[in-house]
$ cat data10.txt   # compact mmCIF, C-alpha atoms
# COMPACT_ATOMS: atom_id res chain seq x y z
CA GLU A 1 0.00 0.00 0.00
CA ASP A 2 1.41 3.39 -0.99
CA PRO A 3 0.61 5.71 0.70
CA ILE A 4 0.83 3.51 3.77
CA TRP A 5 -2.12 2.66 5.96
CA THR A 6 -2.83 4.82 8.98
CA LYS A 7 -2.51 3.18 12.39
CA ALA A 8 -6.27 2.67 12.48
CA GLN A 9 -6.29 1.16 9.00
CA HIS A 10 -3.35 -1.08 9.97
CA LYS A 11 -5.33 -2.46 12.91
CA ALA A 12 -8.41 -2.95 10.75
CA ALA A 13 -6.35 -4.68 8.04
CA LEU A 14 -5.07 -7.28 10.49
CA LYS A 15 -8.63 -8.07 11.53
CA LYS A 16 -9.85 -8.24 7.93
CA VAL A 17 -7.10 -10.57 6.69
CA ILE A 18 -7.76 -12.98 9.56
CA GLU A 19 -11.50 -12.76 8.82
CA ILE A 20 -11.05 -13.62 5.12
CA GLY A 21 -8.56 -16.39 5.92
CA THR A 22 -10.88 -17.96 8.48
CA LYS A 23 -13.84 -17.77 6.08
CA TYR A 24 -12.00 -19.88 3.51
CA ASN A 25 -10.28 -22.31 5.92
CA ILE A 26 -6.84 -20.94 5.10
CA THR A 27 -3.81 -21.99 7.15
CA GLY A 28 -0.31 -20.58 7.22
CA ARG A 29 1.39 -17.52 8.53
CA GLY A 30 1.80 -13.91 7.55
CA ARG A 31 2.57 -10.39 8.58
CA VAL A 32 0.54 -7.22 8.22
CA ALA A 33 2.51 -3.98 8.21
CA ARG A 34 1.41 -0.48 7.33
CA GLU A 35 2.78 -0.95 3.80
CA GLY A 36 0.90 -4.20 3.15
CA LEU A 37 0.96 -7.98 3.60
CA ASN A 38 3.46 -10.81 3.29
CA CYS A 39 1.94 -14.26 3.70
CA THR A 40 2.72 -17.92 3.03
CA LEU A 41 -0.60 -19.75 3.10
CA THR A 42 -2.02 -23.18 2.34
CA GLY A 43 -5.47 -24.57 1.70
CA ASN A 44 -7.79 -26.14 -0.82
CA PRO A 45 -6.96 -24.78 -4.32
CA ASN A 46 -10.38 -23.17 -4.71
CA ASP A 47 -10.22 -21.72 -1.20
CA ILE A 48 -6.79 -20.19 -1.84
CA ARG A 49 -8.15 -18.47 -4.95
CA SER A 50 -11.23 -17.33 -3.05
CA PHE A 51 -8.95 -15.80 -0.41
CA CYS A 52 -7.13 -13.83 -3.14
CA TYR A 53 -10.43 -12.66 -4.64
CA GLY A 54 -11.55 -11.73 -1.14
CA LEU A 55 -8.57 -9.43 -0.73
CA ARG A 56 -9.33 -7.83 -4.10
CA GLU A 57 -12.96 -7.27 -3.17
CA TRP A 58 -11.83 -5.68 0.08
CA GLN A 59 -9.27 -3.30 -1.47
CA GLU A 60 -8.57 -2.59 -5.15
CA ILE A 61 -4.81 -2.32 -4.50
CA PHE A 62 -4.72 -6.14 -4.45
CA ASN A 63 -5.68 -6.20 -8.13
CA GLU A 64 -2.02 -5.29 -8.70
CA THR A 65 -0.70 -8.10 -6.47
CA ASP A 66 1.27 -10.91 -8.12
CA PHE A 67 -0.13 -13.86 -6.16
CA LYS A 68 2.20 -16.87 -6.42
CA ILE A 69 0.04 -20.00 -6.32
CA THR A 70 1.35 -23.59 -6.32
CA ASP A 71 -1.15 -26.39 -6.80
CA GLY A 72 -0.58 -30.04 -5.91
CA VAL A 73 1.02 -29.50 -2.49
CA SER A 74 0.70 -32.72 -0.48
CA ARG A 75 -1.45 -32.64 2.65
CA ASP A 76 1.49 -33.36 4.95
CA LYS A 77 3.06 -30.05 3.86
CA LEU A 78 0.03 -27.92 4.67
CA PHE A 79 0.16 -25.61 7.68
CA LYS A 80 -1.91 -26.73 10.65
CA SER A 81 -3.31 -23.34 11.64
CA LEU A 82 -3.51 -19.68 10.64
CA SER A 83 -1.22 -17.14 12.31
CA ILE A 84 -1.26 -13.52 11.08
CA ARG A 85 0.81 -10.98 13.03
CA LYS A 86 0.80 -7.19 13.09
CA THR A 87 4.33 -5.85 12.47
CA ASN A 88 6.00 -2.48 11.96
CA GLU A 89 7.75 -3.49 8.71
CA LEU A 90 7.49 -6.31 6.20
CA VAL A 91 11.27 -6.17 5.89
CA ALA A 92 13.11 -5.14 9.07
CA TYR A 93 15.30 -2.33 7.75
CA GLY A 94 14.53 0.00 10.66
CA LEU A 95 12.60 2.22 8.24
CA ALA A 96 9.02 1.80 9.39
CA GLY A 97 6.08 4.00 8.47
CA GLU A 98 6.90 7.33 6.87
CA LYS A 99 10.65 6.54 6.91
CA ALA A 100 10.19 3.81 4.29
CA PRO A 101 11.01 4.79 0.67
CA SER A 102 7.92 5.10 -1.53
CA LEU A 103 7.42 2.11 -3.80
CA LYS A 104 5.48 4.23 -6.28
CA LYS A 105 8.40 6.63 -6.64
CA PHE A 106 11.42 4.41 -6.14
CA ALA A 107 10.66 0.69 -6.64
CA GLY A 108 13.04 -1.15 -8.96
CA GLU A 109 11.92 -2.46 -12.33
CA HIS A 110 10.61 -6.02 -12.51
CA LEU A 111 12.23 -8.40 -14.97
CA GLU A 112 10.56 -11.65 -15.94
CA ALA A 113 12.69 -14.70 -15.16
CA ASP A 114 13.97 -15.19 -18.71
CA ASP A 115 14.99 -11.51 -18.99
CA TYR A 116 16.64 -11.69 -15.57
CA HIS A 117 18.56 -14.74 -16.78
CA LYS A 118 19.82 -12.82 -19.82
CA ALA A 119 20.73 -9.79 -17.68
CA MET A 120 23.14 -11.96 -15.64
CA GLN A 121 25.20 -12.42 -18.81
CA ASP A 122 26.08 -8.70 -18.95
CA PRO A 123 29.60 -7.93 -17.61
CA GLU A 124 28.51 -4.35 -16.83
CA THR A 125 26.03 -5.67 -14.28
CA VAL A 126 26.27 -6.49 -10.58
CA ILE A 127 23.86 -8.83 -8.82
CA ILE A 128 23.13 -8.46 -5.11
CA ASP A 129 21.76 -11.16 -2.82
CA VAL A 130 19.56 -9.24 -0.36
CA ARG A 131 18.86 -12.30 1.80
CA ASN A 132 20.64 -13.17 5.01
CA ALA A 133 24.03 -14.91 5.03
CA TYR A 134 22.71 -18.30 6.16
CA GLU A 135 20.33 -18.33 3.17
CA SER A 136 23.09 -17.35 0.73
CA ALA A 137 25.37 -20.06 2.11
CA ILE A 138 23.13 -22.91 0.90
CA GLY A 139 22.14 -21.46 -2.47
CA ASN A 140 22.81 -18.46 -4.70
CA PHE A 141 23.02 -17.27 -8.27
CA GLN A 142 26.31 -17.91 -10.02
CA PRO A 143 26.41 -15.77 -13.17
CA PRO A 144 28.36 -17.12 -16.16
CA GLU A 145 32.04 -16.44 -16.66
CA ASN A 146 32.53 -12.93 -18.06
CA GLY A 147 29.00 -12.10 -16.94
CA ALA A 148 27.59 -10.14 -14.02
CA LYS A 149 29.52 -9.81 -10.76
CA LEU A 150 27.84 -11.39 -7.72
CA ILE A 151 27.90 -9.32 -4.51
CA ASP A 152 26.93 -10.90 -1.19
CA PRO A 153 26.48 -8.32 1.61
CA LYS A 154 26.85 -11.17 4.16
CA MET A 155 24.11 -9.83 6.39
CA ARG A 156 23.20 -11.55 9.64
CA ASN A 157 19.79 -9.90 9.38
CA SER A 158 17.99 -7.40 7.19
CA ILE A 159 18.57 -4.37 9.40
CA GLU A 160 22.23 -4.41 8.32
CA PHE A 161 21.35 -3.76 4.67
CA PRO A 162 20.86 0.06 4.79
CA LYS A 163 24.28 0.46 6.48
CA TRP A 164 25.92 -1.82 3.90
CA LEU A 165 24.29 0.12 1.07
CA ASN A 166 25.50 3.39 2.56
CA SER A 167 29.17 2.31 2.68
CA GLU A 168 31.68 3.93 0.33
CA ASP A 169 32.96 0.56 -0.91
CA THR A 170 29.44 -0.61 -1.84
CA GLN A 171 28.62 2.59 -3.66
CA LYS A 172 31.81 2.36 -5.73
CA GLN A 173 30.79 -1.14 -6.85
CA LEU A 174 27.28 -0.03 -7.86
CA THR A 175 27.91 3.31 -9.54
CA GLY A 176 27.83 3.11 -13.32
CA LYS A 177 26.52 -0.47 -13.25
CA LYS A 178 23.18 -2.08 -13.92
CA VAL A 179 22.10 -3.47 -10.54
CA LEU A 180 20.13 -6.71 -10.18
CA MET A 181 18.80 -7.81 -6.80
CA TYR A 182 17.26 -11.10 -5.75
CA CYS A 183 15.51 -12.69 -2.77
CA THR A 184 13.22 -15.65 -2.10
CA GLY A 185 9.85 -14.37 -3.31
CA GLY A 186 10.35 -10.71 -4.16
CA ILE A 187 9.21 -8.84 -1.03
CA ARG A 188 12.69 -7.94 0.22
CA CYS A 189 13.69 -6.80 -3.27
CA GLU A 190 10.72 -4.43 -3.45
CA ARG A 191 12.02 -2.64 -0.37
CA ALA A 192 15.73 -2.96 -1.20
CA THR A 193 15.47 -1.61 -4.76
CA ALA A 194 13.35 1.30 -3.55
CA LEU A 195 15.93 2.13 -0.88
CA LEU A 196 18.78 2.10 -3.42
CA ASN A 197 16.86 4.28 -5.88
CA GLN A 198 15.91 6.75 -3.15
CA MET A 199 19.51 7.00 -1.94
CA SER A 200 20.77 7.55 -5.50
CA THR A 201 18.64 10.71 -5.77
CA VAL A 202 20.52 12.39 -2.93
CA LYS A 203 24.02 10.92 -3.24
CA GLU A 204 26.18 12.07 -6.13
CA GLU A 205 28.60 9.19 -5.51
CA LEU A 206 25.82 6.60 -5.95
CA LYS A 207 24.55 6.49 -9.52
CA PRO A 208 23.63 3.01 -10.81
CA LYS A 209 22.48 2.55 -14.41
CA GLY A 210 19.12 1.09 -13.51
CA VAL A 211 17.91 -1.11 -10.64
CA TYR A 212 16.05 -4.34 -11.31
CA HIS A 213 14.78 -7.50 -9.65
CA CYS A 214 13.21 -10.78 -10.73
CA ARG A 215 9.43 -10.80 -10.64
CA GLY A 216 8.46 -13.48 -8.14
CA GLY A 217 12.02 -13.89 -6.85
CA ILE A 218 14.03 -17.11 -6.79
CA GLU A 219 10.81 -19.13 -6.61
CA ARG A 220 9.62 -17.88 -10.01
CA TYR A 221 13.10 -18.21 -11.55
CA VAL A 222 13.57 -21.89 -10.64
CA LYS A 223 10.09 -22.70 -11.94
CA THR A 224 11.00 -21.01 -15.23
CA PHE A 225 14.34 -22.85 -15.37
CA PRO A 226 13.64 -26.35 -13.94
CA SER A 227 17.24 -27.41 -14.59
CA GLY A 228 18.40 -24.53 -12.39
CA GLY A 229 19.72 -22.02 -14.90
CA TYR A 230 22.30 -19.92 -13.07
CA TRP A 231 20.88 -20.91 -9.67
CA LYS A 232 23.08 -23.26 -7.65
CA GLY A 233 22.11 -24.93 -4.39
CA LYS A 234 18.92 -24.78 -2.36
CA ASN A 235 16.33 -22.06 -1.90
CA TYR A 236 15.98 -21.50 1.85
CA LEU A 237 12.37 -21.29 3.04
CA PHE A 238 11.32 -20.11 6.47
CA ASP A 239 8.92 -22.87 7.31
CA LYS A 240 9.26 -26.61 7.89
CA ARG A 241 6.94 -27.74 5.11
CA MET A 242 9.59 -27.75 2.35

$ encode --input "data10.txt" --output "structure tokens"
Amino acid sequence: EDPIWTKAQHKAALKKVIEIGTKYNITGRGRVAREGLNCTLTGNPNDIRSFCYGLREWQEIFNETDFKITDGVSRDKLFKSLSIRKTNELVAYGLAGEKAPSLKKFAGEHLEADDYHKAMQDPETVIIDVRNAYESAIGNFQPPENGAKLIDPKMRNSIEFPKWLNSEDTQKQLTGKKVLMYCTGGIRCERATALLNQMSTVKEELKPKGVYHCRGGIERYVKTFPSGGYWKGKNYLFDKRM
């Protein structure tokens, strides 16, 4: 949501999401922040789609949402209950509320998986893993030889990213380059690309030649390239179903 919800709207949104989820027997977990939702949910295929339509009926902004739906999940991998929490940020950068960069003004450009794949072949490109270090350690993109340069910020948690992005060494690596970012499903990249673009408007020493991320994140990429493409290793997920 941009502009962000007010505190009253934030409280009401939490109640509404739980209400719609309960109506359609949805299980899983999610977070509701003033800028929107981030959920991983399970249920009957028709019920999952009804939940998505329910969000769209509630607020038109969800007509723009790229819902990632996977059918055929076995019953033993379904969540047992529904847990939706109210949080200050969807991505913990320490930039809650009005401090968060506007997605409408600053969000990076989405690339479909095949275009993202091609972009990694460009030697004038850098690719940044905006996940935490323990996620990067078990799987990451490995661009082709003479292609993009991979940069791993080696973050213990997301709140370290703004400081890393603000460092002189980082900015030297990004200036004059096309910047690709990636994360599990795309949420962290929405915030990270917006932060970089906002910073580049006020810092003369930080001038990338475009900021991009893969629509749907690693999940969409590996579905597009079943053999793996330039992805090597495992895609870390935060729940025990996978």

$ atom_distance --input "data10.txt" --atom1 "atom CA of Trp5 of chain A" --atom2 "atom CA of Arg34 of chain A"
4.9 Å

$ residues_around --input "data10.txt" --residues "segment 142-159 of chain A" --least-positions-apart "4" --cutoff "12 Å" --atoms "all atoms listed in the file" --output "tab-separated table (two decimals) with C-alpha atoms, keeping the file's coordinate frame"
chain	number	residue	atom	x	y	z
A	89	GLU	CA	7.75	-3.49	8.71
A	90	LEU	CA	7.49	-6.31	6.20
A	91	VAL	CA	11.27	-6.17	5.89
A	92	ALA	CA	13.11	-5.14	9.07
A	93	TYR	CA	15.30	-2.33	7.75
A	94	GLY	CA	14.53	0.00	10.66
A	95	LEU	CA	12.60	2.22	8.24
A	96	ALA	CA	9.02	1.80	9.39
A	116	TYR	CA	16.64	-11.69	-15.57
A	117	HIS	CA	18.56	-14.74	-16.78
A	118	LYS	CA	19.82	-12.82	-19.82
A	119	ALA	CA	20.73	-9.79	-17.68
A	120	MET	CA	23.14	-11.96	-15.64
A	121	GLN	CA	25.20	-12.42	-18.81
A	122	ASP	CA	26.08	-8.70	-18.95
A	123	PRO	CA	29.60	-7.93	-17.61
A	124	GLU	CA	28.51	-4.35	-16.83
A	125	THR	CA	26.03	-5.67	-14.28
A	126	VAL	CA	26.27	-6.49	-10.58
A	127	ILE	CA	23.86	-8.83	-8.82
A	128	ILE	CA	23.13	-8.46	-5.11
A	129	ASP	CA	21.76	-11.16	-2.82
A	130	VAL	CA	19.56	-9.24	-0.36
A	131	ARG	CA	18.86	-12.30	1.80
A	132	ASN	CA	20.64	-13.17	5.01
A	133	ALA	CA	24.03	-14.91	5.03
A	134	TYR	CA	22.71	-18.30	6.16
A	135	GLU	CA	20.33	-18.33	3.17
A	136	SER	CA	23.09	-17.35	0.73
A	137	ALA	CA	25.37	-20.06	2.11
A	163	LYS	CA	24.28	0.46	6.48
A	164	TRP	CA	25.92	-1.82	3.90
A	165	LEU	CA	24.29	0.12	1.07
A	166	ASN	CA	25.50	3.39	2.56
A	167	SER	CA	29.17	2.31	2.68
A	169	ASP	CA	32.96	0.56	-0.91
A	170	THR	CA	29.44	-0.61	-1.84
A	171	GLN	CA	28.62	2.59	-3.66
A	173	GLN	CA	30.79	-1.14	-6.85
A	174	LEU	CA	27.28	-0.03	-7.86
A	177	LYS	CA	26.52	-0.47	-13.25
A	178	LYS	CA	23.18	-2.08	-13.92
A	179	VAL	CA	22.10	-3.47	-10.54
A	180	LEU	CA	20.13	-6.71	-10.18
A	181	MET	CA	18.80	-7.81	-6.80
A	182	TYR	CA	17.26	-11.10	-5.75
A	183	CYS	CA	15.51	-12.69	-2.77
A	188	ARG	CA	12.69	-7.94	0.22
A	189	CYS	CA	13.69	-6.80	-3.27
A	191	ARG	CA	12.02	-2.64	-0.37
A	192	ALA	CA	15.73	-2.96	-1.20
A	228	GLY	CA	18.40	-24.53	-12.39
A	229	GLY	CA	19.72	-22.02	-14.90
A	230	TYR	CA	22.30	-19.92	-13.07
A	231	TRP	CA	20.88	-20.91	-9.67
A	232	LYS	CA	23.08	-23.26	-7.65
A	233	GLY	CA	22.11	-24.93	-4.39

$ closest_residue --input "data10.txt" --among "A:Ile4, A:Ile48, A:Ala33, A:Val222" --to "Phe141 of chain A" --atoms "only C-alpha atoms"
A:Val222

$ atom_distance --input "data10.txt" --atom1 "atom CA of Cys39 of chain A" --atom2 "atom CA of Gly108 of chain A"
21.3 Å

$ residues_around --input "data10.txt" --residues "Arg220 of chain A" --least-positions-apart "4" --cutoff "9 Å" --atoms "all atoms listed in the file" --output "ChimeraX atom specification"
/A:68,112-113,184-185,214-216,224-225

$ write_last_selection --input "data10.txt" --atoms "C-alpha atoms" --output "tab-separated table (two decimals), in the frame of the given file"
chain	number	residue	atom	x	y	z
A	68	LYS	CA	2.20	-16.87	-6.42
A	112	GLU	CA	10.56	-11.65	-15.94
A	113	ALA	CA	12.69	-14.70	-15.16
A	184	THR	CA	13.22	-15.65	-2.10
A	185	GLY	CA	9.85	-14.37	-3.31
A	214	CYS	CA	13.21	-10.78	-10.73
A	215	ARG	CA	9.43	-10.80	-10.64
A	216	GLY	CA	8.46	-13.48	-8.14
A	224	THR	CA	11.00	-21.01	-15.23
A	225	PHE	CA	14.34	-22.85	-15.37

$ atom_distance --input "data10.txt" --atom1 "atom CA of Lys86 of chain A" --atom2 "atom CA of Ala107 of chain A"
23.4 Å

$ closest_atom_pairs --input "data10.txt" --of "segment 54-84 of chain A" --to "segment 7-15 of chain A" --cutoff "12 Å" --atoms "all atoms listed in the file" --output "CSV"
residue,atom,partner,partner_atom,distance
A:Leu55,CA,A:Ala13,CA,10.2
A:Trp58,CA,A:Ala13,CA,9.7
A:Gln59,CA,A:Ala13,CA,10.0
A:Ser83,CA,A:Leu14,CA,10.7
A:Ile84,CA,A:Leu14,CA,7.3

$ closest_residue --input "data10.txt" --among "A:Arg49, A:Asn44, A:Pro208, A:Thr175" --to "Arg75 of chain A" --atoms "all atoms listed in the file"
A:Asn44

$ closest_residue --input "data10.txt" --among "A:Leu206, A:Ile187, A:Ile138, A:Leu82" --to "Ile26 of chain A" --atoms "only C-alpha atoms"
A:Leu82

$ closest_residue --input "data10.txt" --among "A:Glu190, A:Leu196, A:Lys207, A:Phe106" --to "Phe161 of chain A" --atoms "only C-alpha atoms"
A:Leu196

$ closest_residue --input "data10.txt" --among "A:Gly21, A:Pro226, A:Gly210, A:Pro101" --to "Ser50 of chain A" --atoms "all atoms listed in the file"
A:Gly21

$ closest_residue --input "data10.txt" --among "A:Leu111, A:Leu78, A:Asp2, A:Leu103" --to "Ile61 of chain A" --atoms "only C-alpha atoms"
A:Asp2

$ residues_around --input "data10.txt" --residues "Glu109 of chain A" --least-positions-apart "4" --cutoff "7 Å" --atoms "only C-alpha atoms" --output "list in words"
Val211, Tyr212 and His213 of chain A
